$ cat upload-v6.pdb   # PDB, N, CA, C and O atoms
ATOM      1  N   MET O   1      78.865 137.650 147.114
ATOM      2  CA  MET O   1      78.249 136.476 146.515
ATOM      3  C   MET O   1      77.238 135.849 147.447
ATOM      4  O   MET O   1      76.568 134.925 147.058
ATOM      5  N   ILE O   2      77.136 136.329 148.666
ATOM      6  CA  ILE O   2      76.184 135.739 149.598
ATOM      7  C   ILE O   2      75.202 136.822 150.025
ATOM      8  O   ILE O   2      75.500 137.638 150.898
ATOM      9  N   PRO O   3      74.026 136.851 149.391
ATOM     10  CA  PRO O   3      73.050 137.899 149.686
ATOM     11  C   PRO O   3      72.680 137.993 151.166
ATOM     12  O   PRO O   3      72.394 139.081 151.660
ATOM     13  N   LEU O   4      72.706 136.885 151.878
ATOM     14  CA  LEU O   4      72.363 136.896 153.302
ATOM     15  C   LEU O   4      73.278 137.842 154.079
ATOM     16  O   LEU O   4      72.835 138.526 155.004
ATOM     17  N   PHE O   5      74.559 137.908 153.720
ATOM     18  CA  PHE O   5      75.480 138.800 154.424
ATOM     19  C   PHE O   5      75.038 140.257 154.277
ATOM     20  O   PHE O   5      75.085 141.033 155.230
ATOM     21  N   LEU O   6      74.607 140.629 153.084
ATOM     22  CA  LEU O   6      74.117 141.992 152.883
ATOM     23  C   LEU O   6      72.865 142.223 153.716
ATOM     24  O   LEU O   6      72.725 143.260 154.372
ATOM     25  N   LEU O   7      71.969 141.265 153.715
ATOM     26  CA  LEU O   7      70.736 141.414 154.488
ATOM     27  C   LEU O   7      71.010 141.569 155.985
ATOM     28  O   LEU O   7      70.321 142.327 156.667
ATOM     29  N   LEU O   8      72.016 140.884 156.483
ATOM     30  CA  LEU O   8      72.382 141.014 157.896
ATOM     31  C   LEU O   8      72.972 142.387 158.207
ATOM     32  O   LEU O   8      72.836 142.901 159.316
ATOM     33  N   ALA O   9      73.610 143.003 157.221
ATOM     34  CA  ALA O   9      74.240 144.310 157.418
ATOM     35  C   ALA O   9      73.264 145.474 157.265
ATOM     36  O   ALA O   9      73.565 146.590 157.688
ATOM     37  N   VAL O  10      72.113 145.231 156.677
ATOM     38  CA  VAL O  10      71.160 146.309 156.378
ATOM     39  C   VAL O  10      70.823 147.183 157.589
ATOM     40  O   VAL O  10      70.929 148.411 157.501
ATOM     41  N   PRO O  11      70.413 146.630 158.725
ATOM     42  CA  PRO O  11      70.012 147.514 159.829
ATOM     43  C   PRO O  11      71.113 148.489 160.271
ATOM     44  O   PRO O  11      70.860 149.681 160.437
ATOM     45  N   LEU O  12      72.307 147.995 160.432
ATOM     46  CA  LEU O  12      73.400 148.846 160.880
ATOM     47  C   LEU O  12      73.812 149.847 159.797
ATOM     48  O   LEU O  12      73.973 151.039 160.059
ATOM     49  N   CYS O  13      73.952 149.377 158.581
ATOM     50  CA  CYS O  13      74.400 150.252 157.495
ATOM     51  C   CYS O  13      73.373 151.335 157.178
ATOM     52  O   CYS O  13      73.741 152.489 156.947
ATOM     53  N   LYS O  14      72.124 150.986 157.135
ATOM     54  CA  LYS O  14      71.088 151.990 156.855
ATOM     55  C   LYS O  14      71.015 153.012 157.981
ATOM     56  O   LYS O  14      70.835 154.202 157.743
ATOM     57  N   ALA O  15      71.161 152.571 159.239
ATOM     58  CA  ALA O  15      71.111 153.486 160.385
ATOM     59  C   ALA O  15      72.228 154.525 160.318
ATOM     60  O   ALA O  15      72.037 155.682 160.694
ATOM     61  N   TYR O  16      73.404 154.112 159.826
ATOM     62  CA  TYR O  16      74.555 155.019 159.740
ATOM     63  C   TYR O  16      74.779 155.562 158.324
ATOM     64  O   TYR O  16      75.812 156.145 158.036
ATOM     65  N   ARG O  17      73.813 155.311 157.456
ATOM     66  CA  ARG O  17      73.860 155.781 156.062
ATOM     67  C   ARG O  17      75.119 155.319 155.327
ATOM     68  O   ARG O  17      75.743 156.068 154.580
ATOM     69  N   ILE O  18      75.476 154.077 155.557
ATOM     70  CA  ILE O  18      76.606 153.454 154.865
ATOM     71  C   ILE O  18      76.067 152.756 153.624
ATOM     72  O   ILE O  18      75.164 151.920 153.732
ATOM     73  N   PRO O  19      76.557 153.097 152.434
ATOM     74  CA  PRO O  19      76.048 152.459 151.211
ATOM     75  C   PRO O  19      76.332 150.956 151.205
ATOM     76  O   PRO O  19      77.369 150.502 151.691
ATOM     77  N   LEU O  20      75.408 150.216 150.636
ATOM     78  CA  LEU O  20      75.547 148.766 150.553
ATOM     79  C   LEU O  20      75.729 148.341 149.101
ATOM     80  O   LEU O  20      74.950 148.726 148.229
ATOM     81  N   GLY O  21      76.747 147.549 148.853
ATOM     82  CA  GLY O  21      76.999 147.001 147.523
ATOM     83  C   GLY O  21      76.979 145.484 147.576
ATOM     84  O   GLY O  21      77.490 144.884 148.520
ATOM     85  N   LEU O  22      76.378 144.891 146.577
ATOM     86  CA  LEU O  22      76.309 143.430 146.483
ATOM     87  C   LEU O  22      77.063 142.979 145.245
ATOM     88  O   LEU O  22      76.831 143.501 144.157
ATOM     89  N   TRP O  23      77.989 142.039 145.397
ATOM     90  CA  TRP O  23      78.661 141.411 144.260
ATOM     91  C   TRP O  23      77.988 140.060 144.052
ATOM     92  O   TRP O  23      77.887 139.263 144.987
ATOM     93  N   TYR O  24      77.524 139.790 142.831
ATOM     94  CA  TYR O  24      76.858 138.518 142.567
ATOM     95  C   TYR O  24      76.956 138.201 141.087
ATOM     96  O   TYR O  24      76.648 139.035 140.253
ATOM     97  N   THR O  25      77.383 137.003 140.773
ATOM     98  CA  THR O  25      77.398 136.548 139.389
ATOM     99  C   THR O  25      77.064 135.059 139.366
ATOM    100  O   THR O  25      77.897 134.224 139.660
ATOM    101  N   HIS O  26      75.811 134.768 139.095
ATOM    102  CA  HIS O  26      75.326 133.392 139.109
ATOM    103  C   HIS O  26      73.947 133.391 138.482
ATOM    104  O   HIS O  26      73.273 134.409 138.446
ATOM    105  N   TRP O  27      73.482 132.264 138.044
ATOM    106  CA  TRP O  27      72.176 132.174 137.391
ATOM    107  C   TRP O  27      71.021 132.091 138.371
ATOM    108  O   TRP O  27      69.889 132.364 138.048
ATOM    109  N   ASN O  28      71.289 131.679 139.622
ATOM    110  CA  ASN O  28      70.230 131.421 140.593
ATOM    111  C   ASN O  28      69.684 132.713 141.197
ATOM    112  O   ASN O  28      70.438 133.537 141.695
ATOM    113  N   ALA O  29      68.370 132.872 141.164
ATOM    114  CA  ALA O  29      67.718 134.038 141.765
ATOM    115  C   ALA O  29      66.727 133.570 142.817
ATOM    116  O   ALA O  29      65.567 133.334 142.526
ATOM    117  N   ASP O  30      67.185 133.429 144.046
ATOM    118  CA  ASP O  30      66.282 132.991 145.104
ATOM    119  C   ASP O  30      65.733 134.204 145.868
ATOM    120  O   ASP O  30      66.011 135.351 145.543
ATOM    121  N   ARG O  31      64.965 133.929 146.886
ATOM    122  CA  ARG O  31      64.317 135.002 147.654
ATOM    123  C   ARG O  31      65.326 135.937 148.309
ATOM    124  O   ARG O  31      65.137 137.152 148.334
ATOM    125  N   SER O  32      66.413 135.378 148.849
ATOM    126  CA  SER O  32      67.410 136.232 149.519
ATOM    127  C   SER O  32      68.068 137.189 148.523
ATOM    128  O   SER O  32      68.360 138.337 148.862
ATOM    129  N   LEU O  33      68.279 136.742 147.290
ATOM    130  CA  LEU O  33      68.866 137.628 146.281
ATOM    131  C   LEU O  33      67.891 138.743 145.919
ATOM    132  O   LEU O  33      68.285 139.899 145.760
ATOM    133  N   ARG O  34      66.633 138.418 145.807
ATOM    134  CA  ARG O  34      65.626 139.446 145.492
ATOM    135  C   ARG O  34      65.570 140.507 146.598
ATOM    136  O   ARG O  34      65.531 141.709 146.319
ATOM    137  N   LEU O  35      65.582 140.065 147.852
ATOM    138  CA  LEU O  35      65.566 141.005 148.973
ATOM    139  C   LEU O  35      66.845 141.832 149.032
ATOM    140  O   LEU O  35      66.813 143.044 149.262
ATOM    141  N   ALA O  36      67.983 141.180 148.836
ATOM    142  CA  ALA O  36      69.263 141.879 148.888
ATOM    143  C   ALA O  36      69.376 142.902 147.764
ATOM    144  O   ALA O  36      69.920 143.989 147.956
ATOM    145  N   THR O  37      68.854 142.582 146.592
ATOM    146  CA  THR O  37      68.891 143.523 145.469
ATOM    147  C   THR O  37      68.076 144.764 145.806
ATOM    148  O   THR O  37      68.500 145.890 145.520
ATOM    149  N   ARG O  38      66.930 144.588 146.427
ATOM    150  CA  ARG O  38      66.115 145.741 146.834
ATOM    151  C   ARG O  38      66.826 146.590 147.881
ATOM    152  O   ARG O  38      66.742 147.812 147.856
ATOM    153  N   ALA O  39      67.531 145.941 148.813
ATOM    154  CA  ALA O  39      68.188 146.663 149.909
ATOM    155  C   ALA O  39      69.503 147.320 149.486
ATOM    156  O   ALA O  39      69.911 148.323 150.070
ATOM    157  N   ALA O  40      70.159 146.772 148.479
ATOM    158  CA  ALA O  40      71.469 147.274 148.058
ATOM    159  C   ALA O  40      71.352 148.617 147.349
ATOM    160  O   ALA O  40      70.353 148.909 146.695
ATOM    161  N   ASP O  41      72.401 149.402 147.470
ATOM    162  CA  ASP O  41      72.470 150.660 146.727
ATOM    163  C   ASP O  41      73.005 150.419 145.322
ATOM    164  O   ASP O  41      72.653 151.139 144.392
ATOM    165  N   VAL O  42      73.869 149.426 145.189
ATOM    166  CA  VAL O  42      74.429 149.054 143.888
ATOM    167  C   VAL O  42      74.663 147.548 143.877
ATOM    168  O   VAL O  42      74.954 146.951 144.912
ATOM    169  N   VAL O  43      74.492 146.946 142.706
ATOM    170  CA  VAL O  43      74.751 145.518 142.533
ATOM    171  C   VAL O  43      75.821 145.389 141.458
ATOM    172  O   VAL O  43      75.673 145.922 140.357
ATOM    173  N   LEU O  44      76.904 144.712 141.788
ATOM    174  CA  LEU O  44      78.020 144.536 140.867
ATOM    175  C   LEU O  44      78.079 143.099 140.388
ATOM    176  O   LEU O  44      77.843 142.170 141.157
ATOM    177  N   SER O  45      78.413 142.925 139.112
ATOM    178  CA  SER O  45      78.549 141.602 138.533
ATOM    179  C   SER O  45      79.598 141.678 137.431
ATOM    180  O   SER O  45      80.002 142.769 137.021
ATOM    181  N   VAL O  46      80.029 140.535 136.952
ATOM    182  CA  VAL O  46      81.015 140.509 135.870
ATOM    183  C   VAL O  46      80.455 141.238 134.649
ATOM    184  O   VAL O  46      81.121 142.053 134.025
ATOM    185  N   ASP O  47      79.218 140.966 134.341
ATOM    186  CA  ASP O  47      78.546 141.541 133.190
ATOM    187  C   ASP O  47      77.072 141.667 133.558
ATOM    188  O   ASP O  47      76.578 140.905 134.383
ATOM    189  N   ARG O  48      76.390 142.594 132.994
ATOM    190  CA  ARG O  48      74.970 142.768 133.277
ATOM    191  C   ARG O  48      74.199 141.462 133.047
ATOM    192  O   ARG O  48      73.288 141.120 133.774
ATOM    193  N   ARG O  49      74.613 140.698 132.048
ATOM    194  CA  ARG O  49      73.926 139.444 131.714
ATOM    195  C   ARG O  49      74.201 138.318 132.707
ATOM    196  O   ARG O  49      73.507 137.308 132.705
ATOM    197  N   SER O  50      75.202 138.467 133.566
ATOM    198  CA  SER O  50      75.504 137.409 134.534
ATOM    199  C   SER O  50      74.732 137.579 135.845
ATOM    200  O   SER O  50      74.908 136.807 136.772
ATOM    201  N   PHE O  51      73.880 138.599 135.904
ATOM    202  CA  PHE O  51      73.021 138.787 137.074
ATOM    203  C   PHE O  51      71.601 138.388 136.683
ATOM    204  O   PHE O  51      71.077 138.878 135.684
ATOM    205  N   PRO O  52      70.954 137.507 137.447
ATOM    206  CA  PRO O  52      69.686 136.912 137.000
ATOM    207  C   PRO O  52      68.435 137.785 137.122
ATOM    208  O   PRO O  52      67.372 137.382 136.670
ATOM    209  N   LEU O  53      68.536 138.954 137.731
ATOM    210  CA  LEU O  53      67.360 139.808 137.903
ATOM    211  C   LEU O  53      67.524 141.115 137.123
ATOM    212  O   LEU O  53      68.626 141.631 137.007
ATOM    213  N   ALA O  54      66.413 141.631 136.649
ATOM    214  CA  ALA O  54      66.444 142.930 135.980
ATOM    215  C   ALA O  54      66.384 144.023 137.046
ATOM    216  O   ALA O  54      65.477 144.041 137.874
ATOM    217  N   SER O  55      67.383 144.893 137.048
ATOM    218  CA  SER O  55      67.412 145.985 138.013
ATOM    219  C   SER O  55      68.307 147.102 137.483
ATOM    220  O   SER O  55      69.386 146.832 136.944
ATOM    221  N   PRO O  56      67.897 148.338 137.667
ATOM    222  CA  PRO O  56      68.756 149.454 137.249
ATOM    223  C   PRO O  56      69.981 149.610 138.152
ATOM    224  O   PRO O  56      70.896 150.356 137.830
ATOM    225  N   LYS O  57      70.013 148.885 139.255
ATOM    226  CA  LYS O  57      71.150 148.959 140.180
ATOM    227  C   LYS O  57      72.358 148.159 139.700
ATOM    228  O   LYS O  57      73.454 148.315 140.211
ATOM    229  N   VAL O  58      72.170 147.275 138.725
ATOM    230  CA  VAL O  58      73.228 146.353 138.292
ATOM    231  C   VAL O  58      74.263 147.075 137.426
ATOM    232  O   VAL O  58      73.921 147.785 136.483
ATOM    233  N   ARG O  59      75.527 146.871 137.762
ATOM    234  CA  ARG O  59      76.653 147.413 137.008
ATOM    235  C   ARG O  59      77.597 146.271 136.651
ATOM    236  O   ARG O  59      78.090 145.577 137.535
ATOM    237  N   GLY O  60      77.861 146.079 135.376
ATOM    238  CA  GLY O  60      78.833 145.078 134.944
ATOM    239  C   GLY O  60      80.224 145.684 134.997
ATOM    240  O   GLY O  60      80.485 146.696 134.353
ATOM    241  N   ILE O  61      81.104 145.094 135.798
ATOM    242  CA  ILE O  61      82.442 145.673 135.972
ATOM    243  C   ILE O  61      83.573 144.733 135.554
ATOM    244  O   ILE O  61      84.743 145.047 135.769
ATOM    245  N   GLY O  62      83.257 143.586 134.982
ATOM    246  CA  GLY O  62      84.301 142.641 134.618
ATOM    247  C   GLY O  62      84.867 141.966 135.857
ATOM    248  O   GLY O  62      84.328 142.061 136.951
ATOM    249  N   HIS O  63      85.983 141.292 135.662
ATOM    250  CA  HIS O  63      86.604 140.586 136.790
ATOM    251  C   HIS O  63      87.583 141.450 137.563
ATOM    252  O   HIS O  63      88.130 141.024 138.562
ATOM    253  N   ALA O  64      87.831 142.645 137.073
ATOM    254  CA  ALA O  64      88.707 143.604 137.756
ATOM    255  C   ALA O  64      90.119 143.055 137.966
ATOM    256  O   ALA O  64      90.731 143.247 138.999
ATOM    257  N   ILE O  65      90.624 142.359 136.975
ATOM    258  CA  ILE O  65      91.993 141.845 137.030
ATOM    259  C   ILE O  65      92.874 142.773 136.196
ATOM    260  O   ILE O  65      92.625 142.989 135.020
ATOM    261  N   ASP O  66      93.900 143.320 136.812
ATOM    262  CA  ASP O  66      94.820 144.209 136.112
ATOM    263  C   ASP O  66      95.802 143.361 135.305
ATOM    264  O   ASP O  66      96.764 142.819 135.838
ATOM    265  N   MET O  67      95.542 143.233 134.013
ATOM    266  CA  MET O  67      96.348 142.366 133.159
ATOM    267  C   MET O  67      97.774 142.884 132.960
ATOM    268  O   MET O  67      98.656 142.135 132.566
ATOM    269  N   SER O  68      98.033 144.149 133.246
ATOM    270  CA  SER O  68      99.400 144.665 133.108
ATOM    271  C   SER O  68     100.333 144.045 134.152
ATOM    272  O   SER O  68     101.551 144.101 134.015
ATOM    273  N   GLN O  69      99.779 143.426 135.170
ATOM    274  CA  GLN O  69     100.584 142.761 136.197
ATOM    275  C   GLN O  69     101.071 141.387 135.752
ATOM    276  O   GLN O  69     101.914 140.785 136.401
ATOM    277  N   PHE O  70     100.556 140.898 134.626
ATOM    278  CA  PHE O  70     100.896 139.572 134.132
ATOM    279  C   PHE O  70     101.479 139.687 132.730
ATOM    280  O   PHE O  70     100.751 139.733 131.757
ATOM    281  N   VAL O  71     102.778 139.750 132.647
ATOM    282  CA  VAL O  71     103.458 139.909 131.371
ATOM    283  C   VAL O  71     103.727 138.518 130.772
ATOM    284  O   VAL O  71     104.289 137.647 131.428
ATOM    285  N   ALA O  72     103.309 138.344 129.514
ATOM    286  CA  ALA O  72     103.526 137.066 128.851
ATOM    287  C   ALA O  72     105.017 136.929 128.485
ATOM    288  O   ALA O  72     105.643 137.910 128.079
ATOM    289  N   PRO O  73     105.580 135.726 128.615
ATOM    290  CA  PRO O  73     106.982 135.539 128.228
ATOM    291  C   PRO O  73     107.165 135.743 126.728
ATOM    292  O   PRO O  73     106.270 135.452 125.932
ATOM    293  N   THR O  74     108.325 136.255 126.331
ATOM    294  CA  THR O  74     108.592 136.510 124.913
ATOM    295  C   THR O  74     109.082 135.269 124.195
ATOM    296  O   THR O  74     109.014 135.181 122.985
ATOM    297  N   SER O  75     109.592 134.293 124.936
ATOM    298  CA  SER O  75     110.041 133.044 124.311
ATOM    299  C   SER O  75     109.640 131.859 125.190
ATOM    300  O   SER O  75     109.493 132.010 126.405
ATOM    301  N   PRO O  76     109.480 130.695 124.591
ATOM    302  CA  PRO O  76     109.116 129.513 125.400
ATOM    303  C   PRO O  76     110.224 129.166 126.377
ATOM    304  O   PRO O  76     111.403 129.317 126.080
ATOM    305  N   SER O  77     109.841 128.701 127.552
ATOM    306  CA  SER O  77     110.865 128.342 128.549
ATOM    307  C   SER O  77     111.275 126.912 128.463
ATOM    308  O   SER O  77     110.766 126.091 127.851
TER     309      SER O  77
END
$ encode --input "upload-v6.pdb" --output "structure tokens"
Amino acid sequence: MIPLFLLLAVPLCKAYRIPLGLWYTHWNADRSLRLATRAADVVLSVDRRSFPLASPKVRGIGHAIDMSQFVAPTSPS
């Protein structure tokens, strides 16, 4: 969620060919987000529409919450 962190990692990660992924879901598209999107190998968001820039790198993956871990009670407590 903080594009600056990705930008700080770019020199080391690119030198060692470590892929960079950015998670971002917000309406604001500032300069750091634009730069981070260019530098990232993949951009992840809840949904393609929750990322403010058009890019083929964006993948909507949902919130990644495993709902099978939360069983609803069968009767009121």
$ closest_residue --input "upload-v6.pdb" --among "O:Leu12, O:Ile18, O:Ile61, O:Met1" --to "Asp41 of chain O" --atoms "all atoms listed in the file"
O:Ile18
$ residues_around --input "upload-v6.pdb" --residues "Ala39 of chain O" --least-positions-apart "2" --cutoff "8 Å" --atoms "all atoms listed in the file" --output "compact mmCIF listing (two decimals) with N, CA, C and O atoms, in the frame of the given file"
# COMPACT_ATOMS: atom_id res chain seq x y z
N LEU O 6 74.61 140.63 153.08
CA LEU O 6 74.12 141.99 152.88
C LEU O 6 72.86 142.22 153.72
O LEU O 6 72.72 143.26 154.37
N LEU O 7 71.97 141.26 153.72
CA LEU O 7 70.74 141.41 154.49
C LEU O 7 71.01 141.57 155.99
O LEU O 7 70.32 142.33 156.67
N VAL O 10 72.11 145.23 156.68
CA VAL O 10 71.16 146.31 156.38
C VAL O 10 70.82 147.18 157.59
O VAL O 10 70.93 148.41 157.50
N LYS O 14 72.12 150.99 157.14
CA LYS O 14 71.09 151.99 156.85
C LYS O 14 71.02 153.01 157.98
O LYS O 14 70.83 154.20 157.74
N ILE O 18 75.48 154.08 155.56
CA ILE O 18 76.61 153.45 154.86
C ILE O 18 76.07 152.76 153.62
O ILE O 18 75.16 151.92 153.73
N PRO O 19 76.56 153.10 152.43
CA PRO O 19 76.05 152.46 151.21
C PRO O 19 76.33 150.96 151.21
O PRO O 19 77.37 150.50 151.69
N LEU O 20 75.41 150.22 150.64
CA LEU O 20 75.55 148.77 150.55
C LEU O 20 75.73 148.34 149.10
O LEU O 20 74.95 148.73 148.23
N GLY O 21 76.75 147.55 148.85
CA GLY O 21 77.00 147.00 147.52
C GLY O 21 76.98 145.48 147.58
O GLY O 21 77.49 144.88 148.52
N LEU O 22 76.38 144.89 146.58
CA LEU O 22 76.31 143.43 146.48
C LEU O 22 77.06 142.98 145.24
O LEU O 22 76.83 143.50 144.16
N SER O 32 66.41 135.38 148.85
CA SER O 32 67.41 136.23 149.52
C SER O 32 68.07 137.19 148.52
O SER O 32 68.36 138.34 148.86
N LEU O 33 68.28 136.74 147.29
CA LEU O 33 68.87 137.63 146.28
C LEU O 33 67.89 138.74 145.92
O LEU O 33 68.28 139.90 145.76
N ARG O 34 66.63 138.42 145.81
CA ARG O 34 65.63 139.45 145.49
C ARG O 34 65.57 140.51 146.60
O ARG O 34 65.53 141.71 146.32
N LEU O 35 65.58 140.06 147.85
CA LEU O 35 65.57 141.00 148.97
C LEU O 35 66.84 141.83 149.03
O LEU O 35 66.81 143.04 149.26
N ALA O 36 67.98 141.18 148.84
CA ALA O 36 69.26 141.88 148.89
C ALA O 36 69.38 142.90 147.76
O ALA O 36 69.92 143.99 147.96
N THR O 37 68.85 142.58 146.59
CA THR O 37 68.89 143.52 145.47
C THR O 37 68.08 144.76 145.81
O THR O 37 68.50 145.89 145.52
N ASP O 41 72.40 149.40 147.47
CA ASP O 41 72.47 150.66 146.73
C ASP O 41 73.00 150.42 145.32
O ASP O 41 72.65 151.14 144.39
N VAL O 42 73.87 149.43 145.19
CA VAL O 42 74.43 149.05 143.89
C VAL O 42 74.66 147.55 143.88
O VAL O 42 74.95 146.95 144.91
$ atom_distance --input "upload-v6.pdb" --atom1 "atom N of Ala40 of chain O" --atom2 "atom N of Trp23 of chain O"
9.7 Å
$ closest_residue --input "upload-v6.pdb" --among "O:Ser75, O:Ala29, O:Arg38, O:Arg17" --to "Phe51 of chain O" --atoms "all atoms listed in the file"
O:Ala29
$ select_by_dssp --input "upload-v6.pdb" --residues "chain O" --states "strand (DSSP E)" --output "number ranges by chain"
O: 21-23, 42-45, 58-60
